[in-house]
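Engineer: This is the content of entry_26.cif (mmCIF, C-alpha atoms and all ligand atoms):
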data_protein
loop_
_atom_site.label_atom_id
_atom_site.label_comp_id
_atom_site.auth_asym_id
_atom_site.auth_seq_id
_atom_site.Cartn_x
_atom_site.Cartn_y
_atom_site.Cartn_z
CA MET A 1 4.70 83.52 -50.71
CA ARG A 2 6.59 80.26 -50.55
CA THR A 3 8.87 79.90 -47.50
CA TYR A 4 11.81 77.52 -47.57
CA ARG A 5 13.01 76.23 -44.22
CA ILE A 6 16.79 76.06 -44.16
CA ALA A 7 18.80 74.29 -41.45
CA LEU A 8 22.18 75.98 -40.95
CA LEU A 9 25.09 73.93 -39.66
CA PRO A 10 28.05 76.32 -39.69
CA GLY A 11 30.17 73.75 -37.81
CA ASP A 12 33.81 74.42 -36.98
CA GLY A 13 36.67 76.73 -37.89
CA ILE A 14 36.02 78.79 -41.00
CA GLY A 15 32.56 77.22 -41.30
CA GLN A 16 31.58 79.87 -38.74
CA GLU A 17 32.89 82.58 -41.08
CA VAL A 18 31.71 81.47 -44.50
CA ILE A 19 28.14 80.48 -43.58
CA PRO A 20 27.17 83.95 -42.25
CA ALA A 21 28.50 85.38 -45.53
CA ALA A 22 26.38 82.95 -47.55
CA VAL A 23 23.29 83.65 -45.42
CA GLU A 24 23.65 87.39 -45.93
CA VAL A 25 23.72 86.86 -49.69
CA LEU A 26 20.76 84.46 -49.57
CA LYS A 27 18.70 87.02 -47.65
CA ALA A 28 19.47 89.63 -50.29
CA VAL A 29 18.03 87.52 -53.12
CA ALA A 30 14.96 86.27 -51.21
CA GLN A 31 12.34 88.52 -52.77
CA GLU A 32 9.78 86.37 -54.55
CA PHE A 33 10.13 83.70 -51.88
CA ALA A 34 11.01 83.69 -48.20
CA LEU A 35 13.73 81.83 -46.32
CA SER A 36 13.53 80.89 -42.66
CA PHE A 37 16.75 79.84 -41.02
CA GLN A 38 17.38 77.73 -37.97
CA THR A 39 20.94 77.34 -36.77
CA PHE A 40 22.20 74.14 -35.19
CA GLU A 41 25.46 74.61 -33.31
CA TRP A 42 26.54 71.01 -33.78
CA GLY A 43 30.23 70.38 -34.22
CA CYS A 44 33.41 69.89 -32.22
CA GLU A 45 32.54 72.46 -29.55
CA TYR A 46 29.23 70.66 -29.02
CA TYR A 47 31.17 67.38 -28.84
CA ARG A 48 33.40 68.72 -26.09
CA ARG A 49 30.31 69.65 -24.05
CA THR A 50 28.16 66.60 -24.73
CA GLY A 51 30.40 63.79 -25.98
CA THR A 52 28.55 63.58 -29.30
CA MET A 53 28.74 65.61 -32.48
CA MET A 54 24.98 65.93 -32.75
CA PRO A 55 22.05 64.72 -30.66
CA GLU A 56 20.84 61.15 -30.99
CA ASP A 57 17.70 62.37 -32.78
CA GLY A 58 19.66 64.86 -34.95
CA LEU A 59 18.47 63.40 -38.25
CA GLU A 60 14.85 63.51 -37.04
CA ARG A 61 15.28 67.19 -36.22
CA LEU A 62 16.68 67.92 -39.67
CA LYS A 63 14.15 65.88 -41.56
CA GLY A 64 11.45 68.54 -41.90
CA PHE A 65 13.74 71.17 -43.44
CA ASP A 66 13.77 71.91 -47.16
CA ALA A 67 17.56 72.00 -47.26
CA ILE A 68 20.67 72.01 -45.09
CA LEU A 69 23.54 74.45 -45.56
CA LEU A 70 26.73 73.28 -43.88
CA GLY A 71 30.04 75.09 -43.37
CA ALA A 72 32.74 72.65 -42.33
CA ILE A 73 33.31 70.13 -39.60
CA GLY A 74 36.58 69.29 -37.86
CA HIS A 75 38.82 70.62 -35.13
CA PRO A 76 42.29 69.48 -34.05
CA THR A 77 40.92 68.58 -30.58
CA VAL A 78 38.54 65.89 -31.90
CA PRO A 79 39.75 62.97 -34.03
CA ASP A 80 38.51 63.50 -37.60
CA HIS A 81 37.18 59.96 -37.90
CA ILE A 82 34.81 60.73 -35.02
CA SER A 83 33.77 64.28 -35.90
CA LEU A 84 33.15 63.66 -39.58
CA ARG A 85 31.56 60.24 -39.32
CA GLN A 86 29.18 61.30 -36.53
CA LEU A 87 27.95 64.38 -38.34
CA LEU A 88 28.64 64.98 -42.02
CA LEU A 89 28.79 61.33 -43.11
CA ARG A 90 25.82 60.52 -40.87
CA ILE A 91 23.70 63.07 -42.73
CA ARG A 92 24.88 62.00 -46.17
CA PHE A 93 24.37 58.30 -45.45
CA GLY A 94 21.34 58.67 -43.17
CA PHE A 95 19.37 60.65 -45.76
CA ASP A 96 20.71 58.51 -48.64
CA LEU A 97 21.98 61.62 -50.47
CA TYR A 98 23.69 59.50 -53.08
CA VAL A 99 24.73 62.22 -55.52
CA ASN A 100 27.45 64.66 -54.54
CA LEU A 101 27.70 67.22 -57.35
CA ARG A 102 30.82 69.37 -57.51
CA PRO A 103 31.39 71.95 -60.27
CA VAL A 104 34.94 72.87 -61.23
CA GLU A 105 34.92 76.11 -63.20
CA ILE A 106 37.03 79.22 -63.55
CA LEU A 107 35.28 82.37 -62.34
CA PRO A 108 35.80 85.53 -64.43
CA GLY A 109 38.94 87.43 -63.52
CA LEU A 110 40.52 84.49 -61.70
CA ALA A 111 43.43 82.74 -63.33
CA SER A 112 43.82 79.00 -62.95
CA PRO A 113 47.30 77.98 -61.76
CA LEU A 114 47.50 76.35 -65.20
CA ARG A 115 48.44 79.68 -66.67
CA THR A 116 47.65 78.83 -70.27
CA LYS A 117 44.14 77.56 -69.49
CA SER A 118 41.07 79.75 -69.29
CA ALA A 119 37.40 79.51 -68.37
CA GLU A 120 36.68 77.80 -71.71
CA ASP A 121 39.17 75.03 -70.93
CA ILE A 122 38.12 74.27 -67.36
CA ARG A 123 34.41 73.51 -67.10
CA MET A 124 34.01 70.15 -65.40
CA ILE A 125 31.37 68.82 -63.08
CA PHE A 126 32.05 65.90 -60.77
CA VAL A 127 29.42 63.36 -59.86
CA ARG A 128 30.62 61.74 -56.68
CA GLU A 129 29.09 58.53 -55.31
CA ASN A 130 28.20 59.58 -51.78
CA THR A 131 26.69 56.70 -49.81
CA GLU A 132 28.90 53.61 -50.11
CA GLY A 133 32.22 52.54 -51.65
CA GLU A 134 35.37 53.19 -49.68
CA TYR A 135 33.41 55.24 -47.10
CA CYS A 136 31.09 52.47 -45.89
CA GLY A 137 32.88 52.39 -42.55
CA LEU A 138 33.15 48.61 -42.31
CA GLY A 139 36.24 47.00 -40.91
CA GLY A 140 38.04 46.55 -37.69
CA ARG A 141 41.30 46.37 -35.86
CA PHE A 142 42.77 43.14 -34.63
CA LYS A 143 45.48 42.80 -31.95
CA ALA A 144 45.16 46.55 -31.41
CA GLY A 145 48.23 48.26 -30.08
CA THR A 146 50.50 45.23 -30.50
CA PRO A 147 53.29 44.83 -33.03
CA ASP A 148 51.07 42.28 -34.81
CA GLU A 149 48.19 44.70 -35.22
CA VAL A 150 46.00 44.37 -38.32
CA ALA A 151 43.58 47.01 -39.58
CA ILE A 152 40.97 46.20 -42.22
CA GLN A 153 38.96 48.84 -44.06
CA GLN A 154 36.37 47.35 -46.37
CA SER A 155 34.90 48.88 -49.51
CA VAL A 156 31.33 48.08 -50.45
CA PHE A 157 30.21 48.57 -54.03
CA THR A 158 26.66 47.41 -54.72
CA ARG A 159 25.32 46.94 -58.22
CA LYS A 160 22.36 49.20 -57.30
CA GLY A 161 24.64 51.88 -55.83
CA VAL A 162 27.01 51.86 -58.80
CA GLU A 163 24.20 51.83 -61.33
CA ARG A 164 22.28 54.73 -59.81
CA ILE A 165 25.26 57.05 -59.65
CA LEU A 166 26.45 56.15 -63.15
CA ARG A 167 22.93 56.61 -64.50
CA TYR A 168 22.70 60.05 -62.88
CA ALA A 169 26.01 60.98 -64.52
CA PHE A 170 24.85 59.78 -67.95
CA GLU A 171 21.63 61.79 -67.61
CA LEU A 172 23.60 64.88 -66.59
CA ALA A 173 26.05 64.46 -69.48
CA ARG A 174 23.13 64.11 -71.88
CA ARG A 175 21.76 67.51 -70.76
CA ARG A 176 25.06 69.35 -71.26
CA PRO A 177 26.20 70.74 -74.63
CA ARG A 178 29.33 68.59 -74.88
CA LYS A 179 27.62 65.34 -73.78
CA ARG A 180 30.86 63.81 -72.54
CA LEU A 181 31.28 61.50 -69.61
CA ALA A 182 34.56 60.38 -68.05
CA SER A 183 34.51 57.62 -65.47
CA ALA A 184 37.24 57.02 -62.88
CA THR A 185 38.14 53.37 -62.52
CA LYS A 186 41.09 51.47 -61.10
CA SER A 187 40.19 48.00 -62.30
CA ASN A 188 43.82 47.23 -63.08
CA ALA A 189 44.45 46.89 -59.34
CA LEU A 190 41.05 46.74 -57.61
CA ASN A 191 39.92 43.53 -59.21
CA TYR A 192 36.46 43.19 -57.64
CA THR A 193 34.94 46.57 -56.89
CA MET A 194 36.23 48.45 -59.90
CA VAL A 195 35.59 45.53 -62.27
CA LEU A 196 31.93 45.70 -61.19
CA TRP A 197 32.03 49.47 -61.78
CA ASP A 198 33.40 48.93 -65.31
CA GLU A 199 30.81 46.26 -66.11
CA VAL A 200 27.88 48.45 -65.05
CA LEU A 201 29.36 51.34 -67.04
CA GLY A 202 29.72 49.07 -70.08
CA ALA A 203 26.05 48.05 -69.88
CA LEU A 204 24.85 51.67 -69.57
CA VAL A 205 26.96 52.87 -72.50
CA ARG A 206 24.54 51.03 -74.81
CA GLU A 207 21.55 52.91 -73.34
CA TYR A 208 23.12 56.34 -73.93
CA PRO A 209 24.49 56.28 -77.49
CA ASP A 210 24.41 60.10 -77.57
CA VAL A 211 26.94 60.38 -74.70
CA ALA A 212 30.67 60.05 -75.50
CA VAL A 213 32.17 57.94 -72.73
CA ALA A 214 35.78 57.43 -71.65
CA ASN A 215 36.82 55.22 -68.76
CA TYR A 216 40.18 56.29 -67.26
CA HIS A 217 42.16 54.80 -64.44
CA VAL A 218 41.92 57.31 -61.63
CA ASP A 219 45.66 58.03 -61.52
CA ALA A 220 45.72 58.84 -65.23
CA LEU A 221 42.55 60.89 -64.81
CA ALA A 222 44.26 63.01 -62.14
CA ALA A 223 47.07 63.69 -64.60
CA ARG A 224 44.57 64.42 -67.38
CA MET A 225 42.90 67.08 -65.22
CA ILE A 226 46.20 68.97 -65.42
CA THR A 227 47.35 68.12 -68.93
CA HIS A 228 44.03 68.10 -70.85
CA PRO A 229 41.38 69.72 -68.63
CA GLU A 230 39.44 70.81 -71.71
CA SER A 231 38.75 67.15 -72.55
CA LEU A 232 36.70 66.70 -69.35
CA ASP A 233 33.02 67.57 -68.97
CA VAL A 234 31.06 65.33 -66.57
CA VAL A 235 33.29 63.11 -64.43
CA VAL A 236 31.82 60.28 -62.36
CA ALA A 237 33.79 58.59 -59.61
CA SER A 238 33.50 56.58 -56.43
CA ASN A 239 33.32 58.22 -53.03
CA LEU A 240 37.06 58.30 -52.29
CA PHE A 241 38.28 58.85 -55.84
CA ALA A 242 36.00 61.85 -56.31
CA ASP A 243 36.92 63.22 -52.90
CA ILE A 244 40.56 63.38 -53.97
CA LEU A 245 39.91 64.53 -57.54
CA THR A 246 37.68 67.41 -56.40
CA ASP A 247 40.30 68.91 -54.11
CA LEU A 248 42.52 68.83 -57.20
CA GLY A 249 39.59 70.49 -58.99
CA GLY A 250 39.53 73.23 -56.35
CA ALA A 251 43.23 73.77 -56.91
CA LEU A 252 42.63 74.06 -60.67
CA GLN A 253 40.00 76.71 -59.94
CA GLY A 254 42.66 78.66 -58.08
CA SER A 255 41.77 77.87 -54.44
CA LEU A 256 39.98 75.29 -52.35
CA GLY A 257 37.91 78.22 -51.17
CA LEU A 258 36.08 78.19 -54.53
CA ALA A 259 34.85 74.60 -54.74
CA ALA A 260 31.15 74.11 -53.93
CA SER A 261 28.99 71.03 -53.64
CA ALA A 262 25.44 69.72 -53.47
CA ASN A 263 24.43 66.41 -51.86
CA PHE A 264 21.00 65.06 -52.79
CA ASN A 265 18.89 62.10 -53.78
CA PRO A 266 17.42 62.76 -57.22
CA ALA A 267 15.12 59.73 -57.13
CA HIS A 268 13.09 60.33 -53.99
CA ARG A 269 13.03 62.52 -50.91
CA SER A 270 14.87 60.48 -48.33
CA GLY A 271 15.77 63.63 -46.38
CA PRO A 272 16.68 67.26 -47.03
CA PRO A 273 19.46 67.89 -49.55
CA LEU A 274 22.74 69.19 -48.12
CA PHE A 275 24.81 72.03 -49.60
CA GLU A 276 28.36 72.77 -48.51
CA PRO A 277 31.75 73.98 -49.62
CA VAL A 278 34.17 71.18 -50.53
CA HIS A 279 36.83 72.57 -48.20
CA GLY A 280 37.23 71.84 -44.50
CA SER A 281 37.44 73.95 -41.35
CA ALA A 282 40.94 75.25 -42.24
CA PRO A 283 42.40 75.41 -38.70
CA ASP A 284 45.47 77.16 -40.12
CA ILE A 285 43.48 80.32 -40.90
CA ALA A 286 40.36 79.90 -38.74
CA GLY A 287 39.33 82.83 -36.54
CA ARG A 288 41.13 85.47 -38.58
CA GLY A 289 38.17 86.40 -40.76
CA ILE A 290 40.11 85.90 -43.99
CA SER A 291 38.57 82.69 -45.32
CA ASN A 292 37.18 82.80 -48.84
CA PRO A 293 33.37 82.60 -48.73
CA ILE A 294 32.95 81.97 -52.48
CA ALA A 295 32.47 78.19 -52.12
CA ALA A 296 29.82 78.69 -49.42
CA ILE A 297 28.03 81.38 -51.44
CA TRP A 298 28.19 79.21 -54.57
CA ALA A 299 26.79 76.29 -52.53
CA ALA A 300 23.95 78.60 -51.43
CA SER A 301 23.26 79.35 -55.09
CA MET A 302 23.19 75.60 -55.85
CA MET A 303 20.71 75.25 -52.98
CA LEU A 304 18.31 77.81 -54.48
CA GLU A 305 18.61 76.18 -57.90
CA HIS A 306 17.75 72.83 -56.33
CA LEU A 307 14.80 74.32 -54.43
CA GLY A 308 13.37 75.56 -57.73
CA GLU A 309 14.49 79.21 -57.60
CA PRO A 310 16.77 79.41 -60.65
CA GLY A 311 16.39 83.20 -60.98
CA ALA A 312 17.68 83.93 -57.48
CA ALA A 313 20.37 81.25 -57.87
CA ALA A 314 21.59 82.91 -61.07
CA ARG A 315 21.60 86.35 -59.44
CA ILE A 316 23.97 85.07 -56.76
CA LEU A 317 26.33 83.59 -59.34
CA THR A 318 26.25 86.76 -61.44
CA GLY A 319 27.00 88.81 -58.32
CA LEU A 320 29.93 86.56 -57.47
CA LYS A 321 31.29 86.68 -61.00
CA THR A 322 31.05 90.47 -61.15
CA VAL A 323 33.11 90.76 -57.98
CA THR A 324 35.76 88.28 -59.13
CA ALA A 325 35.93 89.93 -62.57
CA GLU A 326 36.48 93.38 -61.05
CA GLY A 327 39.28 91.90 -58.96
CA ARG A 328 39.33 94.69 -56.39
CA VAL A 329 38.10 92.62 -53.47
CA ARG A 330 39.84 89.30 -52.97
CA THR A 331 40.66 87.16 -49.96
CA PRO A 332 44.33 86.24 -49.31
CA ASP A 333 44.04 82.71 -50.82
CA LEU A 334 43.52 84.51 -54.16
CA GLY A 335 46.35 86.92 -53.55
CA GLY A 336 44.20 89.75 -52.13
CA LYS A 337 44.00 91.45 -48.75
CA SER A 338 40.25 91.51 -48.17
CA THR A 339 38.40 89.81 -45.36
CA THR A 340 35.52 87.34 -45.60
CA GLU A 341 33.09 90.10 -44.61
CA GLU A 342 34.49 92.60 -47.10
CA PHE A 343 34.05 90.08 -49.90
CA ALA A 344 30.46 89.30 -48.87
CA ALA A 345 29.71 93.04 -48.58
CA GLU A 346 30.97 93.55 -52.13
CA VAL A 347 28.70 90.79 -53.41
CA MET A 348 25.80 92.49 -51.58
CA THR A 349 26.65 95.79 -53.26
CA GLN A 350 26.54 94.08 -56.65
CA LEU A 351 23.20 92.47 -55.85
CA ALA A 352 21.78 95.82 -54.78
CA ARG A 353 22.93 97.35 -58.09
CA ARG A 354 21.08 94.68 -60.03
CA PRO A 355 17.70 94.24 -58.39
CA ALA A 356 15.59 91.24 -59.32
CA PRO A 357 13.47 91.73 -62.44
CA PRO A 358 9.82 92.37 -61.57
CA PRO A 359 7.82 89.14 -61.36
CA ALA A 360 6.17 88.14 -64.65
CA SER A 361 2.41 88.67 -64.41
P1 LIG A 401 40.95 72.25 -45.42
O1 LIG A 401 40.11 72.26 -46.64
O2 LIG A 401 40.31 72.69 -44.17
O3 LIG A 401 42.25 73.16 -45.66
C1 LIG A 401 43.24 72.87 -46.64
C2 LIG A 401 43.97 74.16 -47.02
O4 LIG A 401 43.09 74.99 -47.82
C3 LIG A 401 44.37 75.00 -45.82
O5 LIG A 401 45.62 75.59 -46.06
C4 LIG A 401 43.27 76.07 -45.75
O6 LIG A 401 43.68 77.28 -45.16
C5 LIG A 401 42.90 76.27 -47.22
N1 LIG A 401 41.48 76.64 -47.34
C6 LIG A 401 40.42 75.81 -47.26
N2 LIG A 401 39.28 76.49 -47.39
C7 LIG A 401 39.61 77.78 -47.55
C8 LIG A 401 38.86 78.99 -47.73
N3 LIG A 401 37.51 78.98 -47.78
N4 LIG A 401 39.53 80.16 -47.87
C9 LIG A 401 40.86 80.17 -47.83
N5 LIG A 401 41.65 79.07 -47.67
C10 LIG A 401 41.02 77.89 -47.53
O7 LIG A 401 41.51 70.75 -45.28
P2 LIG A 401 42.32 70.05 -44.06
O8 LIG A 401 43.32 71.01 -43.51
O9 LIG A 401 42.76 68.77 -44.61
O10 LIG A 401 41.23 69.76 -42.96
C11 LIG A 401 40.97 70.59 -41.83
C12 LIG A 401 39.80 69.98 -41.07
O11 LIG A 401 38.60 70.05 -41.86
C13 LIG A 401 39.97 68.51 -40.71
O12 LIG A 401 39.35 68.32 -39.47
C14 LIG A 401 39.21 67.80 -41.81
O13 LIG A 401 38.78 66.51 -41.47
C15 LIG A 401 38.04 68.74 -41.97
N6 LIG A 401 37.33 68.70 -43.26
C16 LIG A 401 35.99 68.92 -43.21
C17 LIG A 401 35.26 68.99 -44.37
C18 LIG A 401 33.79 69.22 -44.28
O14 LIG A 401 33.26 69.41 -43.20
N7 LIG A 401 33.07 69.24 -45.38
C19 LIG A 401 35.91 68.91 -45.60
C20 LIG A 401 37.29 68.71 -45.62
C21 LIG A 401 38.01 68.61 -44.44
C1 LIG A 402 34.59 66.33 -48.47
C2 LIG A 402 35.34 66.05 -47.21
C3 LIG A 402 34.75 64.85 -46.48
C4 LIG A 402 34.79 63.65 -47.41
C5 LIG A 402 35.47 64.46 -45.18
C6 LIG A 402 35.63 65.63 -44.27
C7 LIG A 402 34.82 63.30 -44.49
O1 LIG A 402 36.70 65.86 -47.45
O2 LIG A 402 33.39 66.58 -48.43
O3 LIG A 402 35.21 66.33 -49.54
O4 LIG A 402 35.83 63.00 -47.56
O5 LIG A 402 33.75 63.37 -47.99
MN MN A 403 37.25 66.22 -49.48
#
For the structure just supplied, provide its representation as structure tokens.
Structural biologist:
Amino acid sequence: MRTYRIALLPGDGIGQEVIPAAVEVLKAVAQEFALSFQTFEWGCEYYRRTGTMMPEDGLERLKGFDAILLGAIGHPTVPDHISLRQLLLRIRFGFDLYVNLRPVEILPGLASPLRTKSAEDIRMIFVRENTEGEYCGLGGRFKAGTPDEVAIQQSVFTRKGVERILRYAFELARRRPRKRLASATKSNALNYTMVLWDEVLGALVREYPDVAVANYHVDALAARMITHPESLDVVVASNLFADILTDLGGALQGSLGLAASANFNPAHRSGPPLFEPVHGSAPDIAGRGISNPIAAIWAASMMLEHLGEPGAAARILTGLKTVTAEGRVRTPDLGGKSTTEEFAAEVMTQLARRPAPPPAS
């Protein structure tokens, strides 16, 4: 039987709540394959003890795993630019996981805050550039702490980086029934980086005549997500633009606790792919056991899909959808009173009711 080695990084705050829920569900669907888990307690608590967010050789230690499942990083006691750059961004950049895929869909039984829109109207998937752009981390501060202080934060857009993410988005759009691609630009103001983005897009359009392409300025695209969500299918955007748009996507789904994501390199194995909820460590609710585990469970399903276990991945999603459709068990962010554990237990009950079909022989 095939065994997948999964590195667990629950991290901080509600990461410690939602990852156990996702692991429980993963164990329940591991029948025709096995999962072995190793937990790494890297995060802000580790930082307080050691002065770093993860060991120097952290990437080496993760390298041999088949996938990484991460909860959330960040705690009010550690500056975010340290905690996130030393851990999450280090993994994304270090393993060159250049695609960050983020579905935005309405689950059965859950109403979008756009009351007139339903599951048919909101079915987008975001392709986020994940290894350069506004997040490259280049810059500096000059005359620090003085009234004349200057801070510079550079963006780096490479032709190779832009082309590979746009190409991935075109290929994804081509495989979906609607074959539509929206790109987020801002070339009216960002006259170098986003002009390069537009030019590479323009060149690729000719290679994919079957894909209907629209290039929107990112501000207008944000508005379009509210006014005409049904017009959006695959959306491709730079690192920062997609970061912002996908929290809006989570809000359209009904809660940030629903938005899942996959980080990977589709071209070659530069390191294990990373699966995580889009949300953060939610210090405002952390420790109360009421965080919504749906995004983490959905991310676990994306992980199994990516590992080549579509049957088990689909079982998880069906289990989730049955629970949301019934509507009895909901966490407070969705207007319910249930805890994280109660929600996960309900998903487990659903999975037990629908055992895996016997293996084809
Ligand atoms: P956040 O996503 O943690 O929280 C924003 C709001 O959404 C809060 O009101 C929170 O209670 C709610 N929320 C988020 N996830 C939820 C869930 N699963 N169930 C119920 N409610 C949920 O964003 P923030 O407050 O801006 O950031 C908090 C910390 O998390 C910061 O340190 C930030 O840098 C970090 N962060 C980490 C990641 C990550 O590790 N992937 C992502 C985003 C933010
Ligand atoms: C996300 C998060 C991260 C990002 C932060 C925590 C660095 O917001 O995954 O969306 O901006 O990429
Ligand atoms: Mn974000």
Engineer: Sorted by chain and rising residue number, list the residues of chain A at most 8 Å from ligand LIG 402 (chain A) (counting all atoms listed in the file), each with its closest atom pair and distance in Å to one decimal, as a tab-separated table.
Structural biologist:
residue	atom	partner	partner_atom	distance
A:Ala72	CA	A:LIG402	C6	7.8
A:Ile73	CA	A:LIG402	C6	6.9
A:Gly74	CA	A:LIG402	C6	7.4
A:Asp80	CA	A:LIG402	C6	7.6
A:His81	CA	A:LIG402	C7	7.8
A:Leu84	CA	A:LIG402	C7	5.2
A:Arg85	CA	A:LIG402	C7	6.8
A:Leu88	CA	A:LIG402	C7	6.9
A:Leu89	CA	A:LIG402	C7	6.5
A:Asn130	CA	A:LIG402	O5	7.7
A:Asn239	CA	A:LIG402	O5	7.2
A:Leu240	CA	A:LIG402	O4	6.8
A:Asp243	CA	A:LIG402	O3	4.9
A:Ile244	CA	A:LIG402	O3	7.5
A:Thr246	CA	A:LIG402	O3	7.4
A:Asp247	CA	A:LIG402	O3	7.3
A:Glu276	CA	A:LIG402	O2	8.0
A:Pro277	CA	A:LIG402	O2	7.7
A:Val278	CA	A:LIG402	O3	5.1
A:His279	CA	A:LIG402	O3	6.6
A:Gly280	CA	A:LIG402	C6	6.4
Engineer: Between A:Ala344, A:Leu256, A:Ile19, A:Ala214, which one has atoms that come closest to ligand MN 403 (chain A), using only C-alpha atoms and all ligand atoms?
Structural biologist: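 That would be A:Leu256, the residue with the smallest distance to ligand MN 403 (chain A).
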Engineer: So the first atom is CA of Arg159 in chain A and the second is atom C16 of ligand LIG 401 (chain A); what is the distance between them in Å, to one decimal place?
Structural biologist: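 These atoms are spaced 28.7 Å apart.
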Engineer: Check the smallest atom-to-atom distance from each of A:Ala356, A:Glu60, A:Leu181, A:Ile82 to Ala313 in chain A using all atoms listed in the file, then report the winner.
Structural biologist: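 Checking each of A:Ala356, A:Glu60, A:Leu181, A:Ile82 against Ala313 in chain A, counting all atoms listed in the file, the winner is A:Ala356.
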Engineer: As JSON, numbers by chain, please: the residues near Asn100 in chain A (cut-off 8 Å, only C-alpha atoms, same-chain neighbours under 4 positions excluded).
Structural biologist: {"A": [126, 127, 128, 129, 130, 261, 262, 263, 264]}
Engineer: Any residue with an atom at most 9 Å from ligand LIG 401 (chain A) counts, using all atoms listed in the file. Which are they? Put them as a ChimeraX atom specification.
Structural biologist: /A:11-15,17-18,70-76,78-81,83-84,87-88,247,255-259,276-286,290-296,331-334,340
Engineer: What is the distance between CA of Val205 in chain A and CA of Ile122 in chain A, in Å to one decimal?
Structural biologist: 24.7 Å
Engineer: Compute the distance from (38.5, 67.6, -59.6) to each atom, counting only C-alpha atoms, keep the residues with any atom at most 10 Å away, and return them as a PyMOL selection string; use the coordinates of the file.
Structural biologist: chain A and resi 102-105+124-126+221-222+225-226+229+232+235+241-253+259
Engineer: Determine the nearest neighbour of ligand MN 403 (chain A) from the options A:Tyr135, A:Ala28, A:Leu166, A:Arg269, counting all atoms listed in the file.
Structural biologist: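 Using all atoms listed in the file, the shortest distance to ligand MN 403 (chain A) belongs to A:Tyr135.
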Engineer: Near Ser36 in chain A, within 9 Å and counting only C-alpha atoms, which residues show up once chain neighbours fewer than 5 positions away are dropped, as an NGL selection string?
Structural biologist: :A and (3-7)
Engineer: Given all atoms listed in the file as the basis, pick out the residue of A:Phe142, A:Asn188, A:Ala260, A:Glu149 nearest to ligand MN 403 (chain A).
Structural biologist: A:Ala260
Engineer: Determine, counting only C-alpha atoms, every residue of protein, DNA or RNA that lies within 12 Å of (28.6, 52.1, -40.7) in the file coordinates, then give the result as an MDAnalysis selection string.
Structural biologist: chainID A and resid 81 85:86 89:90 92:94 131:140 153:156
Engineer: Calculate how many Å separate CA of Pro20 in chain A from CA of Ile297 in chain A, rounding to one decimal.
Structural biologist: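 Atom-to-atom, CA of Pro20 in chain A to CA of Ile297 in chain A, that is 9.6 Å.
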Engineer: Would you mind telling me which residue in A:Pro10, A:Thr193, A:Asp219, A:Lys337 lies nearest to Leu69 in chain A when using only C-alpha atoms?
Structural biologist: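 The shortest atom-to-atom distance to Leu69 in chain A comes from A:Pro10.
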